[in-house]
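Student: Next comes the structure file run_20.txt, holding compact mmCIF, C-alpha atoms.
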# COMPACT_ATOMS: atom_id res chain seq x y z
CA MET A 848 11.16 -5.96 -149.21
CA ALA A 849 14.17 -3.91 -150.29
CA GLN A 850 16.07 -7.15 -150.62
CA VAL A 851 13.39 -8.53 -152.91
CA ASN A 852 13.61 -5.48 -155.13
CA HIS A 853 17.34 -5.94 -155.30
CA VAL A 854 16.84 -9.47 -156.52
CA LEU A 855 14.33 -8.33 -159.13
CA LYS A 856 16.81 -5.89 -160.54
CA ALA A 857 19.69 -8.33 -160.56
CA PRO A 858 20.82 -9.28 -164.03
CA LEU A 859 20.83 -12.97 -164.77
CA ASP A 860 24.10 -14.67 -165.55
CA THR A 861 24.66 -14.47 -169.29
CA ASP A 862 26.36 -17.87 -169.16
CA THR A 863 23.09 -19.55 -168.21
CA PRO A 864 22.95 -23.01 -169.77
CA THR A 865 20.06 -23.66 -172.09
CA GLY A 866 19.46 -27.17 -170.75
CA ARG A 867 16.17 -28.19 -169.17
CA TRP A 868 15.79 -29.27 -165.57
CA THR A 869 12.96 -31.56 -164.54
CA LEU A 870 11.88 -33.42 -161.44
CA GLN A 871 12.75 -37.11 -161.35
CA GLY A 872 9.33 -38.41 -160.43
CA PRO A 873 6.71 -37.19 -157.96
CA ILE A 874 7.66 -35.58 -154.68
CA ASP A 875 5.74 -34.60 -151.57
CA TRP A 876 6.92 -31.77 -149.37
CA ARG A 877 6.19 -29.56 -146.45
CA GLU A 878 7.80 -26.27 -145.61
CA TRP A 879 8.08 -25.03 -142.06
CA ASP A 880 9.90 -21.82 -141.21
CA GLY A 881 12.22 -21.88 -144.16
CA GLU A 882 13.16 -25.57 -143.98
CA PHE A 883 11.74 -28.21 -146.28
CA VAL A 884 11.14 -31.92 -145.84
CA VAL A 885 10.79 -33.63 -149.19
CA ARG A 886 9.82 -37.21 -149.93
CA HIS A 887 10.89 -38.50 -153.32
CA ASP A 888 8.39 -41.18 -154.25
CA PRO A 889 10.43 -43.29 -156.73
CA SER A 890 13.27 -43.78 -154.24
CA ALA A 891 11.05 -43.64 -151.10
CA THR A 892 13.68 -41.34 -149.60
CA THR A 893 13.01 -38.32 -147.42
CA TYR A 894 15.34 -35.32 -147.27
CA LEU A 895 15.71 -32.23 -145.12
CA LEU A 896 16.44 -29.32 -147.44
CA THR A 897 17.35 -25.67 -147.07
CA ALA A 898 14.98 -22.99 -148.27
CA LEU A 899 16.99 -22.53 -151.43
CA ALA A 900 16.94 -26.20 -152.38
CA GLY A 901 13.28 -26.53 -151.44
CA GLU A 902 12.27 -23.47 -153.43
CA THR A 903 14.22 -24.80 -156.38
CA LEU A 904 12.16 -27.99 -156.32
CA ARG A 905 9.00 -25.95 -155.96
CA ALA A 906 9.93 -23.91 -159.04
CA LEU A 907 10.48 -27.09 -161.05
CA ARG A 908 7.19 -28.51 -159.88
CA GLU A 909 5.44 -25.35 -160.96
CA GLY A 910 6.82 -25.66 -164.46
CA ALA A 911 10.10 -23.76 -164.54
CA ALA A 912 12.63 -25.70 -166.59
CA HIS A 913 15.45 -23.45 -167.76
CA LEU A 914 17.90 -21.99 -165.32
CA ASP A 915 16.77 -18.41 -165.86
CA GLU A 916 13.14 -19.38 -165.25
CA ILE A 917 14.07 -21.27 -162.10
CA ALA A 918 16.16 -18.36 -160.88
CA LEU A 919 13.33 -15.89 -161.44
CA ARG A 920 10.89 -18.02 -159.49
CA VAL A 921 13.28 -18.84 -156.68
CA LEU A 922 14.72 -15.39 -156.24
CA HIS A 923 11.60 -13.42 -156.99
CA ASP A 924 8.47 -15.40 -156.20
CA ALA A 925 9.77 -17.42 -153.27
CA ALA A 926 11.23 -14.60 -151.21
CA PRO A 927 7.98 -13.25 -149.76
CA ARG A 928 6.67 -16.66 -148.64
CA SER A 929 8.13 -16.39 -145.17
CA VAL A 930 10.56 -14.22 -143.27
CA ALA A 931 13.02 -17.08 -143.01
CA THR A 932 12.77 -17.89 -146.71
CA ALA A 933 13.20 -14.29 -147.67
CA ALA A 934 16.23 -13.89 -145.46
CA LEU A 935 17.90 -17.05 -146.69
CA ILE A 936 17.33 -16.27 -150.31
CA ALA A 937 18.33 -12.66 -149.88
CA SER A 938 21.61 -13.74 -148.34
CA PHE A 939 22.20 -16.07 -151.27
CA ALA A 940 21.19 -13.58 -153.94
CA ASP A 941 24.09 -11.51 -155.10
CA THR A 942 23.72 -10.50 -158.74
CA ALA A 943 25.94 -12.58 -160.99
CA ALA A 944 26.55 -15.21 -158.32
CA ASP A 945 22.83 -16.07 -158.25
CA THR A 946 22.57 -18.53 -161.07
CA LYS A 947 25.95 -20.04 -160.36
CA GLY A 948 24.83 -20.85 -156.84
CA LEU A 949 21.51 -22.10 -158.14
CA LEU A 950 23.26 -24.33 -160.63
CA SER A 951 25.29 -25.77 -157.78
CA VAL A 952 22.07 -26.54 -155.88
CA LEU A 953 20.57 -28.16 -158.97
CA HIS A 954 23.61 -30.38 -159.34
CA GLU A 955 23.33 -31.41 -155.70
CA LEU A 956 19.67 -32.26 -156.22
CA GLU A 957 20.66 -34.17 -159.36
CA GLY A 958 23.17 -36.13 -157.30
CA LEU A 959 20.36 -37.11 -154.93
CA GLY A 960 18.27 -38.28 -157.86
CA LEU A 961 15.62 -35.64 -157.30
CA VAL A 962 16.10 -33.74 -160.57
CA ARG A 963 17.46 -34.47 -164.02
CA ALA A 964 19.18 -32.26 -166.59
CA SER A 965 18.59 -32.76 -170.25
CA PRO A 966 19.67 -30.85 -173.40
CA THR A 967 17.17 -28.46 -174.85
CA MET B 741 -10.26 -61.61 -116.37
CA ILE B 742 -6.77 -60.30 -115.65
CA VAL B 743 -3.58 -62.26 -115.07
CA ALA B 744 -3.60 -61.52 -111.32
CA GLU B 745 -6.94 -63.33 -111.03
CA LEU B 746 -5.57 -66.58 -112.45
CA GLU B 747 -4.57 -69.34 -110.04
CA PRO B 748 -0.82 -70.04 -110.43
CA SER B 749 -1.65 -73.57 -111.57
CA THR B 750 -4.03 -72.21 -114.21
CA LEU B 751 -1.45 -69.74 -115.50
CA ASN B 752 1.07 -72.55 -115.64
CA ARG B 753 -1.36 -74.78 -117.55
CA TYR B 754 -2.18 -72.05 -120.08
CA LEU B 755 1.49 -71.38 -120.73
CA ARG B 756 2.29 -75.07 -121.12
CA GLN B 757 -0.81 -76.21 -123.01
CA GLY B 758 -2.06 -74.10 -125.89
CA GLY B 759 -0.91 -70.74 -124.64
CA LEU B 760 -1.92 -67.74 -122.55
CA ARG B 761 -3.90 -65.28 -124.68
CA LEU B 762 -2.72 -61.96 -123.34
CA ARG B 763 -4.10 -58.63 -124.51
CA THR B 764 -1.84 -55.61 -124.69
CA GLY B 765 -3.65 -52.63 -126.18
CA PRO B 766 -4.90 -53.54 -129.67
CA VAL B 767 -2.83 -56.72 -129.80
CA VAL B 768 -3.57 -60.24 -128.53
CA VAL B 769 -0.53 -62.47 -128.08
CA ASN B 770 -0.71 -66.20 -127.56
CA ILE B 771 2.26 -67.04 -125.31
CA GLU B 772 3.59 -70.51 -124.63
CA SER B 773 6.45 -71.37 -122.29
CA THR B 774 7.53 -74.04 -119.83
CA LEU B 775 10.13 -71.73 -118.27
CA PRO B 776 9.53 -70.73 -114.64
CA ALA B 777 11.21 -67.34 -115.26
CA VAL B 778 8.74 -66.50 -118.01
CA ARG B 779 5.79 -67.57 -115.85
CA LYS B 780 7.13 -65.49 -112.95
CA GLY B 781 7.71 -62.47 -115.17
CA ILE B 782 4.21 -62.60 -116.64
CA SER B 783 2.65 -63.12 -113.22
CA LEU B 784 4.55 -60.17 -111.75
CA LEU B 785 4.71 -57.66 -114.60
CA TYR B 786 1.54 -58.41 -116.60
CA ALA B 787 -0.63 -58.83 -113.49
CA GLN B 788 -3.12 -56.17 -114.61
CA HIS B 789 -3.33 -57.30 -118.24
CA THR B 790 -6.45 -58.89 -119.65
CA VAL B 791 -6.49 -62.60 -120.42
CA GLU B 792 -8.64 -63.30 -123.46
CA ASN B 793 -10.94 -66.28 -123.24
CA GLY B 794 -11.34 -69.23 -125.54
CA ASP B 795 -9.97 -69.82 -128.97
CA GLY B 796 -10.39 -66.37 -130.49
CA PHE B 797 -7.99 -64.73 -132.89
CA SER B 798 -4.47 -64.03 -131.68
CA ASP B 799 -2.30 -61.58 -133.59
CA PHE B 800 0.87 -63.43 -132.67
CA HIS B 801 1.68 -66.96 -131.55
CA VAL B 802 4.96 -66.92 -129.68
CA CYS B 803 6.87 -69.39 -127.55
CA VAL B 804 9.90 -68.89 -125.31
CA ASP B 805 11.47 -72.17 -124.33
CA ARG B 806 14.48 -74.44 -124.37
CA PRO B 807 15.81 -75.35 -127.80
CA ASN B 808 14.69 -78.65 -129.21
CA SER B 809 18.25 -79.67 -130.02
CA LEU B 810 20.90 -81.21 -127.76
CA ARG B 811 21.96 -77.68 -126.80
CA ARG B 812 19.18 -77.63 -124.26
CA TRP B 813 21.26 -80.04 -122.18
CA ILE B 814 24.83 -79.01 -123.05
CA ASN B 815 24.56 -75.25 -122.64
CA ARG B 816 21.31 -74.03 -121.18
CA GLN B 817 19.75 -71.60 -123.61
CA VAL B 818 16.36 -70.16 -124.51
CA VAL B 819 14.84 -69.58 -127.93
CA PHE B 820 12.01 -67.35 -129.18
CA ARG B 821 9.60 -68.93 -131.62
CA PHE B 822 7.20 -66.96 -133.78
CA ASP B 823 4.67 -69.10 -135.62
CA GLY B 824 7.07 -71.99 -135.11
CA ALA B 825 10.07 -70.22 -136.65
CA GLU B 826 13.09 -69.03 -134.67
CA PRO B 827 13.98 -65.55 -135.97
CA PHE B 828 16.73 -64.94 -133.37
CA THR B 829 19.79 -66.77 -132.16
CA PRO B 830 19.34 -68.45 -128.76
CA LEU B 831 20.18 -66.51 -125.60
CA PRO B 832 21.55 -67.69 -122.26
CA GLY B 833 19.03 -69.60 -120.18
CA ASN B 834 18.48 -66.84 -117.60
CA GLN B 835 17.16 -64.39 -120.23
CA GLY B 836 13.82 -66.03 -120.98
CA PHE B 837 11.56 -63.17 -119.90
CA ALA B 838 13.79 -60.53 -121.51
CA MET B 839 13.69 -62.55 -124.72
CA LEU B 840 9.90 -62.59 -124.57
CA GLU B 841 9.87 -58.80 -124.22
CA TRP B 842 12.34 -58.23 -127.05
CA GLY B 843 10.48 -60.74 -129.19
CA LEU B 844 7.14 -59.01 -128.60
CA ASN B 845 8.71 -55.68 -129.59
CA TRP B 846 9.87 -57.33 -132.79
CA CYS B 847 6.42 -58.81 -133.46
CA VAL B 848 4.68 -55.46 -133.12
CA SER B 849 7.25 -53.32 -134.92
CA ASN B 850 7.49 -55.73 -137.86
CA HIS B 851 3.87 -56.66 -138.31
CA CYS B 852 1.43 -54.05 -137.00
CA HIS B 853 1.50 -51.99 -140.17
CA GLN B 854 -2.00 -50.67 -139.61
CA TYR B 855 -0.06 -48.16 -137.47
CA LEU B 856 2.90 -45.92 -138.12
CA ILE B 857 5.34 -47.20 -135.53
CA VAL B 858 8.03 -45.02 -134.02
CA HIS B 859 10.73 -46.02 -131.56
CA ALA B 860 9.44 -43.68 -128.90
CA ALA B 861 7.99 -43.53 -125.44
CA VAL B 862 4.48 -42.07 -125.22
CA LEU B 863 2.74 -40.54 -122.23
CA GLU B 864 -0.52 -38.69 -121.86
CA ARG B 865 -2.00 -35.96 -119.75
CA ASP B 866 -5.45 -34.41 -120.20
CA GLY B 867 -5.89 -36.33 -123.43
CA ARG B 868 -2.72 -34.92 -124.98
CA ALA B 869 0.16 -37.17 -125.94
CA LEU B 870 3.82 -36.49 -125.28
CA ILE B 871 5.95 -38.42 -127.78
CA LEU B 872 9.62 -39.02 -126.94
CA PRO B 873 11.35 -40.44 -130.02
CA ALA B 874 14.95 -41.48 -129.48
CA PRO B 875 17.41 -44.26 -130.17
CA SER B 876 18.49 -46.66 -127.43
CA GLY B 877 20.81 -45.18 -124.84
CA SER B 878 19.39 -41.67 -124.96
CA GLY B 879 17.65 -41.87 -121.59
CA LYS B 880 14.20 -42.18 -123.12
CA SER B 881 12.97 -45.10 -121.01
CA THR B 882 14.34 -43.62 -117.76
CA LEU B 883 12.64 -40.30 -118.41
CA CYS B 884 9.47 -42.11 -119.43
CA ALA B 885 9.49 -44.18 -116.22
CA ALA B 886 10.01 -41.09 -114.08
CA LEU B 887 7.08 -39.29 -115.74
CA ALA B 888 4.84 -42.37 -115.52
CA PHE B 889 5.66 -43.41 -111.95
CA ALA B 890 6.10 -40.03 -110.30
CA GLY B 891 5.18 -37.31 -112.75
CA GLY B 892 1.41 -37.61 -113.16
CA TRP B 893 1.53 -38.81 -116.75
CA ARG B 894 -0.30 -41.87 -118.07
CA LEU B 895 2.00 -44.35 -119.77
CA LEU B 896 0.96 -45.48 -123.24
CA SER B 897 4.24 -47.16 -124.14
CA ASP B 898 7.87 -46.92 -123.13
CA GLU B 899 9.14 -48.27 -126.43
CA LEU B 900 6.73 -48.16 -129.39
CA ALA B 901 4.49 -45.27 -130.41
CA LEU B 902 1.58 -46.69 -132.41
CA ILE B 903 0.14 -43.87 -134.51
CA ASP B 904 -3.14 -44.38 -136.33
CA PRO B 905 -2.38 -42.84 -139.74
CA THR B 906 -6.03 -41.95 -140.32
CA SER B 907 -6.94 -40.24 -137.06
CA GLY B 908 -3.40 -39.25 -136.09
CA HIS B 909 -4.08 -40.48 -132.56
CA VAL B 910 -1.60 -42.51 -130.53
CA VAL B 911 -2.80 -45.90 -129.34
CA ALA B 912 -1.67 -47.41 -126.02
CA LEU B 913 0.45 -50.53 -125.94
CA PRO B 914 0.63 -51.36 -122.21
CA ARG B 915 3.76 -53.32 -121.41
CA PRO B 916 6.32 -53.45 -118.61
CA VAL B 917 8.84 -50.62 -118.64
CA SER B 918 12.32 -51.71 -119.64
CA LEU B 919 15.20 -50.35 -117.57
CA LYS B 920 18.89 -50.83 -118.16
CA ASN B 921 22.08 -50.54 -116.17
CA ALA B 922 22.28 -47.40 -113.95
CA SER B 923 18.61 -46.62 -114.59
CA ILE B 924 17.55 -49.63 -112.55
CA ASP B 925 18.82 -48.39 -109.19
CA LEU B 926 17.93 -44.84 -110.12
CA MET B 927 14.27 -45.75 -110.61
CA ARG B 928 14.21 -47.98 -107.53
CA THR B 929 15.19 -44.93 -105.51
CA PHE B 930 13.03 -42.49 -107.40
CA ALA B 931 9.84 -44.60 -107.44
CA PRO B 932 10.25 -47.08 -104.55
CA THR B 933 6.64 -48.33 -104.55
CA THR B 934 6.92 -49.55 -108.14
CA VAL B 935 7.02 -53.32 -108.75
CA PHE B 936 10.36 -54.34 -110.28
CA SER B 937 11.55 -57.64 -111.67
CA ASP B 938 14.85 -59.22 -110.70
CA VAL B 939 17.85 -57.89 -112.59
CA VAL B 940 19.10 -60.01 -115.46
CA HIS B 941 22.85 -59.67 -115.85
CA GLU B 942 25.09 -59.83 -118.90
CA THR B 943 22.44 -59.43 -121.58
CA MET B 944 23.30 -57.89 -124.94
CA LYS B 945 22.07 -54.60 -123.42
CA GLY B 946 23.91 -54.99 -120.13
CA GLU B 947 21.88 -55.34 -116.96
CA VAL B 948 18.15 -55.34 -117.60
CA ALA B 949 15.15 -55.14 -115.29
CA TYR B 950 11.47 -54.44 -115.85
CA ALA B 951 8.95 -52.37 -113.95
CA ARG B 952 5.23 -53.12 -113.90
CA ALA B 953 3.27 -50.40 -115.67
CA PRO B 954 1.05 -48.21 -113.44
CA VAL B 955 -2.49 -49.49 -113.01
CA ASP B 956 -4.16 -46.78 -115.13
CA THR B 957 -2.01 -47.81 -118.09
CA ASN B 958 -4.15 -50.94 -118.34
CA LEU B 959 -7.42 -49.52 -117.05
CA ARG B 960 -7.35 -46.83 -119.74
CA ALA B 961 -5.68 -48.87 -122.46
CA ASP B 962 -8.59 -48.22 -124.83
CA GLU B 963 -8.17 -44.44 -124.63
CA PRO B 964 -6.00 -43.05 -127.43
CA ALA B 965 -4.36 -39.66 -127.07
CA VAL B 966 -4.02 -36.71 -129.42
CA PRO B 967 -0.39 -35.77 -130.12
CA ALA B 968 0.55 -32.44 -128.57
CA TRP B 969 4.31 -32.54 -127.98
CA ILE B 970 7.24 -34.18 -129.71
CA VAL B 971 10.33 -34.02 -127.53
CA LEU B 972 13.71 -35.52 -128.34
CA PRO B 973 15.28 -36.48 -125.00
CA ARG B 974 18.96 -36.80 -124.24
CA TYR B 975 20.57 -37.70 -120.94
CA ALA B 976 23.83 -35.82 -120.34
CA GLN B 977 25.65 -36.32 -117.08
CA GLY B 978 25.58 -33.20 -114.94
CA ALA B 979 23.44 -31.23 -117.38
CA ALA B 980 20.72 -28.94 -116.11
CA ALA B 981 17.24 -29.79 -117.38
CA GLN B 982 16.71 -27.73 -120.50
CA LEU B 983 13.80 -27.77 -122.91
CA GLN B 984 14.48 -25.96 -126.17
CA PRO B 985 12.29 -25.40 -129.22
CA MET B 986 13.16 -27.52 -132.22
CA SER B 987 12.33 -26.80 -135.84
CA ARG B 988 9.42 -28.78 -137.24
CA ALA B 989 11.46 -30.00 -140.18
CA ARG B 990 14.15 -31.43 -137.92
CA ALA B 991 11.55 -33.00 -135.64
CA PHE B 992 10.00 -34.56 -138.74
CA MET B 993 13.34 -36.08 -139.70
CA ALA B 994 13.76 -37.40 -136.16
CA LEU B 995 10.42 -39.19 -136.52
CA VAL B 996 11.57 -40.66 -139.83
CA ASP B 997 14.90 -41.74 -138.34
CA ASN B 998 13.18 -43.48 -135.44
CA ALA B 999 10.32 -45.01 -137.42
CA PHE B 1000 10.08 -48.75 -138.01
CA ASN B 1001 7.68 -48.75 -140.94
CA TYR B 1002 7.55 -45.23 -142.39
CA ASN B 1003 8.45 -46.55 -145.84
CA VAL B 1004 5.75 -49.21 -145.68
CA HIS B 1005 3.17 -46.41 -145.58
CA GLY B 1006 4.65 -44.55 -148.55
CA ARG B 1007 3.12 -41.17 -149.29
CA ASN B 1008 0.46 -41.70 -146.59
CA GLY B 1009 3.24 -42.07 -144.04
CA PHE B 1010 4.72 -38.75 -145.08
CA ALA B 1011 1.33 -37.05 -144.83
CA ALA B 1012 0.59 -38.62 -141.45
CA PHE B 1013 3.93 -37.53 -139.99
CA ALA B 1014 3.43 -34.04 -141.43
CA THR B 1015 0.03 -33.80 -139.72
CA LEU B 1016 1.54 -35.06 -136.49
CA ILE B 1017 4.27 -32.43 -136.65
CA GLU B 1018 1.82 -29.64 -137.43
CA ARG B 1019 -0.34 -30.58 -134.44
CA SER B 1020 2.58 -30.73 -132.03
CA ALA B 1021 4.99 -28.41 -130.32
CA CYS B 1022 8.50 -29.69 -131.05
CA HIS B 1023 11.35 -29.55 -128.56
CA GLN B 1024 14.63 -31.13 -127.62
CA PHE B 1025 15.33 -31.87 -123.99
CA THR B 1026 18.58 -32.42 -122.13
CA TYR B 1027 18.60 -33.62 -118.53
CA SER B 1028 20.47 -35.45 -115.81
CA SER B 1029 18.19 -35.04 -112.78
CA LEU B 1030 14.84 -36.84 -112.76
CA PRO B 1031 13.12 -34.44 -110.29
CA GLU B 1032 14.17 -31.52 -112.51
CA ALA B 1033 12.92 -33.35 -115.58
CA VAL B 1034 9.56 -34.11 -113.99
CA ALA B 1035 9.18 -30.44 -113.03
CA VAL B 1036 9.97 -29.28 -116.58
CA PHE B 1037 7.34 -31.57 -118.11
CA ASP B 1038 4.83 -30.59 -115.47
CA ARG B 1039 5.29 -26.96 -116.47
CA LEU B 1040 5.08 -27.90 -120.14
CA ALA B 1041 1.75 -29.63 -119.63
CA ARG B 1042 0.33 -26.70 -117.70
CA SER B 1043 1.60 -23.95 -119.96
CA GLU B 1044 0.52 -25.10 -123.41
Can you dump the structure from the file as structure tokens?
Tutor:
Amino acid sequence: MAQVNHVLKAPLDTDTPTGRWTLQGPIDWREWDGEFVVRHDPSATTYLLTALAGETLRALREGAAHLDEIALRVLHDAAPRSVATAALIASFADTAADTKGLLSVLHELEGLGLVRASPT
Amino acid sequence: MIVAELEPSTLNRYLRQGGLRLRTGPVVVNIESTLPAVRKGISLLYAQHTVENGDGFSDFHVCVDRPNSLRRWINRQVVFRFDGAEPFTPLPGNQGFAMLEWGLNWCVSNHCHQYLIVHAAVLERDGRALILPAPSGSGKSTLCAALAFAGGWRLLSDELALIDPTSGHVVALPRPVSLKNASIDLMRTFAPTTVFSDVVHETMKGEVAYARAPVDTNLRADEPAVPAWIVLPRYAQGAAAQLQPMSRARAFMALVDNAFNYNVHGRNGFAAFATLIERSACHQFTYSSLPEAVAVFDRLARSE
């Protein structure tokens, strides 16, 4: 729990882009012990994702769009879901590096065709 | 009536004139052939299978025979016909029965989309199914044969797991067990009372032989099983038998990788595999010794 508090107190990167991130079509997923399997319906492709990537998709599905919103959901809300998720996200979360790492994940997901970035 | 109850002349007539309507699990196949090797293989390895009467519906109409062209005389070959078409290139003339088996696998895996079909062996004990998904060459069929012939497990299939996407149950597809290369002599030693076919040499898979499925495979062919274990097997020379837990997400991906028609089922396929994973304990298994392997799976069945 201390790790979660640390994340809550972490300042968000001031260089956060103002662009919007959205899912590219419907997805189905399951999470087991901090790993996600995700099926992207438009491409009929199934992926095995880390907790961080999976939680990022979950945040988008729940309505987060801007990087700071996504970061808050991923680093705050997702951590208590399971011990494995909390540990993975806690190890990722390190103040200013948070959103940079998250942005990298979003770009990877964009490369897979799962998400799309658009200007505000 | 079962194949063993047919007079040889009757079996021969069926195969030559109109076809033998053979039931294997939920599938009825109409088989035609004039080849003695095919007749011998069916007589030996499908002895306990039901022969359907009359002119009822057959899921597949197949024929294994000589080509119609001049090649039948120049270079003895066999062809597989499915509804009159020839989906595969001809094979050498001594591979008629093997071609029937490979062709039937193709028929089921490409057409029985009422099921989710996984390249996996399936066995059952106490109503619970053990699913062994794996690509060719992993030792899946050898392990499956050992468990079926000497391990107290009922064989549902050594090759194709048919999963009902609604109930999640696994349906039996009783067929001969396919053995390749070193596995042939290994199983002859390990299960000497089993009925084996002759070895066919120099096939695209090396040496191939078939073993007749145990009697209860056919007697209980109508009994589905509830998935309980998903185990990814791997033969490794000299390795001690070792069963290790596997993450559900990775087991899920293994099912996807070994599935024939996962994409055909779309979102329902994803949901069905997810249910299957959630109902099952997931492991990976490395082995080299069949007695050790049988003991490990015996303990698994008793402990969970």
Student: Can you work out which one of A:His887, A:Arg867, A:His954, A:His923 has the shortest atom-to-atom distance to chain B, counting all atoms listed in the file?
Tutor: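 Among the listed residues, the smallest separation from chain B belongs to A:His887.
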Student: Show me, as a CSV table (one decimal) with C-alpha atoms, in the coordinates of the input, every residue of chain B with an atom at most 8 Å from chain A, counting all atoms listed in the file.
Tutor:
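Output file iface.csv follows:
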chain,number,residue,atom,x,y,z
B,987,SER,CA,12.3,-26.8,-135.8
B,988,ARG,CA,9.4,-28.8,-137.2
B,989,ALA,CA,11.5,-30.0,-140.2
B,990,ARG,CA,14.2,-31.4,-137.9
B,992,PHE,CA,10.0,-34.6,-138.7
B,993,MET,CA,13.3,-36.1,-139.7
B,1003,ASN,CA,8.4,-46.6,-145.8
B,1006,GLY,CA,4.6,-44.6,-148.6
B,1007,ARG,CA,3.1,-41.2,-149.3
B,1010,PHE,CA,4.7,-38.8,-145.1
B,1014,ALA,CA,3.4,-34.0,-141.4
Student: Please provide the set of residues having any atom within 7 Å of B:Ala949, restricted to all atoms listed in the file, with same-chain residues fewer than 3 positions apart removed, written as a PDB file with C-alpha atoms, in the frame of the given file.
Tutor:
ATOM      1  CA  SER B 918      12.320 -51.710-119.640  1.00  0.00           C
ATOM      2  CA  LEU B 919      15.200 -50.350-117.570  1.00  0.00           C
ATOM      3  CA  LYS B 920      18.890 -50.830-118.160  1.00  0.00           C
ATOM      4  CA  ILE B 924      17.550 -49.630-112.550  1.00  0.00           C
ATOM      5  CA  PHE B 936      10.360 -54.340-110.280  1.00  0.00           C
ATOM      6  CA  SER B 937      11.550 -57.640-111.670  1.00  0.00           C
ATOM      7  CA  ASP B 938      14.850 -59.220-110.700  1.00  0.00           C
ATOM      8  CA  VAL B 939      17.850 -57.890-112.590  1.00  0.00           C
ATOM      9  CA  VAL B 940      19.100 -60.010-115.460  1.00  0.00           C
TER      10      VAL B 940
END
Student: Quick one: residues within 9 Å of A:Gly960, all atoms listed in the file counted, chain neighbours fewer than 6 positions away excluded, as a list in words?
Tutor: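 Result of the neighbour search: Leu870, Gln871, His887 and Ser890 of chain A.
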Student: Please determine, counting all atoms listed in the file, which residue among B:Val768, B:Ala931, B:Ala874, B:Ala968 has the shortest atom-to-atom distance to B:Ala888.
Tutor: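 Closest to B:Ala888 of all the choices is B:Ala931.
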Student: Got a sec: who's within 12 Å of B:Thr929, counting only C-alpha atoms, leaving out chain neighbours fewer than 5 positions off, as an NGL selection string?
Tutor: :B and (886 or 889-890 or 922-924 or 934 or 936 or 1030-1031)
Student: Select, counting only C-alpha atoms, all protein, DNA and RNA residues no farther than 8 Å from (-1.2, -58.7, -113.5) in file coordinates, and express the selection as a PyMOL selection string.
Tutor: chain B and resi 742-745+782-789
Student: Which distance in Å separates atom CA of B:Arg952 and atom CA of B:Gly908, to one decimal?
Tutor: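 Rounded to one decimal, the two atoms are 27.6 Å apart.
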Student: Mind pulling up the distance from atom CA of B:Val910 to atom CA of B:Asp956?
Tutor: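 Atom-to-atom, atom CA of B:Asp956 to atom CA of B:Val910, that is 16.2 Å.
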Student: If you measure from atom CA of A:Leu907 to atom CA of B:Ile1017, what distance in Å do you get, rounded to one decimal?
Tutor: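 Those two atoms sit 25.7 Å apart.
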Student: Let me make sure I understand: among B:Phe800, B:Phe837, B:Trp842, B:Trp969, which one has the smallest atom-to-atom distance to B:Gly824 if we use only C-alpha atoms?
Tutor: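 Of the candidates, the smallest distance to B:Gly824 is held by B:Phe800.
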Student: Given the choices B:Thr906, B:Ser881, B:Asn834, B:Ser773, which gets closest to B:Arg756 if the distance is worked out from only C-alpha atoms?
Tutor: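 Nearest candidate to B:Arg756 out of B:Thr906, B:Ser881, B:Asn834, B:Ser773: B:Ser773.
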Student: Return the single residue from A:Arg920, A:Ala912, A:Ser965, A:Ala900 that is closest to A:Gly948, with distances computed using all atoms listed in the file.
Tutor: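 Checking each of A:Arg920, A:Ala912, A:Ser965, A:Ala900 against A:Gly948, counting all atoms listed in the file, the winner is A:Ala900.
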Student: B:Val917: which residues within 6 Å, counting only C-alpha atoms, same-chain residues fewer than 5 positions away excluded, as number ranges by chain?
Tutor: B: 898, 950-951
Student: I'd like the neighbourhood of B:Asn770 as an mmCIF file with C-alpha atoms, keeping the file's coordinate frame, where a residue qualifies if any of its atoms comes within 9 Å (using only C-alpha atoms), though same-chain residues fewer than 6 positions away should be ignored.
Tutor:
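Output file selection_3.cif follows:
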data_model
loop_
_atom_site.group_PDB
_atom_site.id
_atom_site.type_symbol
_atom_site.label_atom_id
_atom_site.label_comp_id
_atom_site.auth_asym_id
_atom_site.auth_seq_id
_atom_site.Cartn_x
_atom_site.Cartn_y
_atom_site.Cartn_z
ATOM 1 C CA LEU B 755 1.490 -71.380 -120.730
ATOM 2 C CA GLY B 758 -2.060 -74.100 -125.890
ATOM 3 C CA GLY B 759 -0.910 -70.740 -124.640
ATOM 4 C CA LEU B 760 -1.920 -67.740 -122.550
ATOM 5 C CA ARG B 761 -3.900 -65.280 -124.680
ATOM 6 C CA LEU B 762 -2.720 -61.960 -123.340
ATOM 7 C CA ARG B 763 -4.100 -58.630 -124.510
ATOM 8 C CA SER B 798 -4.470 -64.030 -131.680
ATOM 9 C CA ASP B 799 -2.300 -61.580 -133.590
ATOM 10 C CA PHE B 800 0.870 -63.430 -132.670
ATOM 11 C CA HIS B 801 1.680 -66.960 -131.550
ATOM 12 C CA VAL B 802 4.960 -66.920 -129.680
ATOM 13 C CA CYS B 803 6.870 -69.390 -127.550
#
Student: Mind working out the centre and edge lengths of an axis-aligned box for stretch 906-924 of chain A, all listed atoms inside, 5 Å added to each side, rounded to one decimal in Å and written as JSON?
Tutor:
{"center_x": 11.7, "center_y": -21.0, "center_z": -162.0, "size_x": 22.5, "size_y": 25.1, "size_z": 21.6}
Student: Could you give me, as a ChimeraX atom specification, the residues that sit within 10 Å of (6.0, -69.9, -120.1) in the file's coordinates, counting all atoms listed in the file?
Tutor: /B:751-757,759-760,771-782,803-805,836-837,840
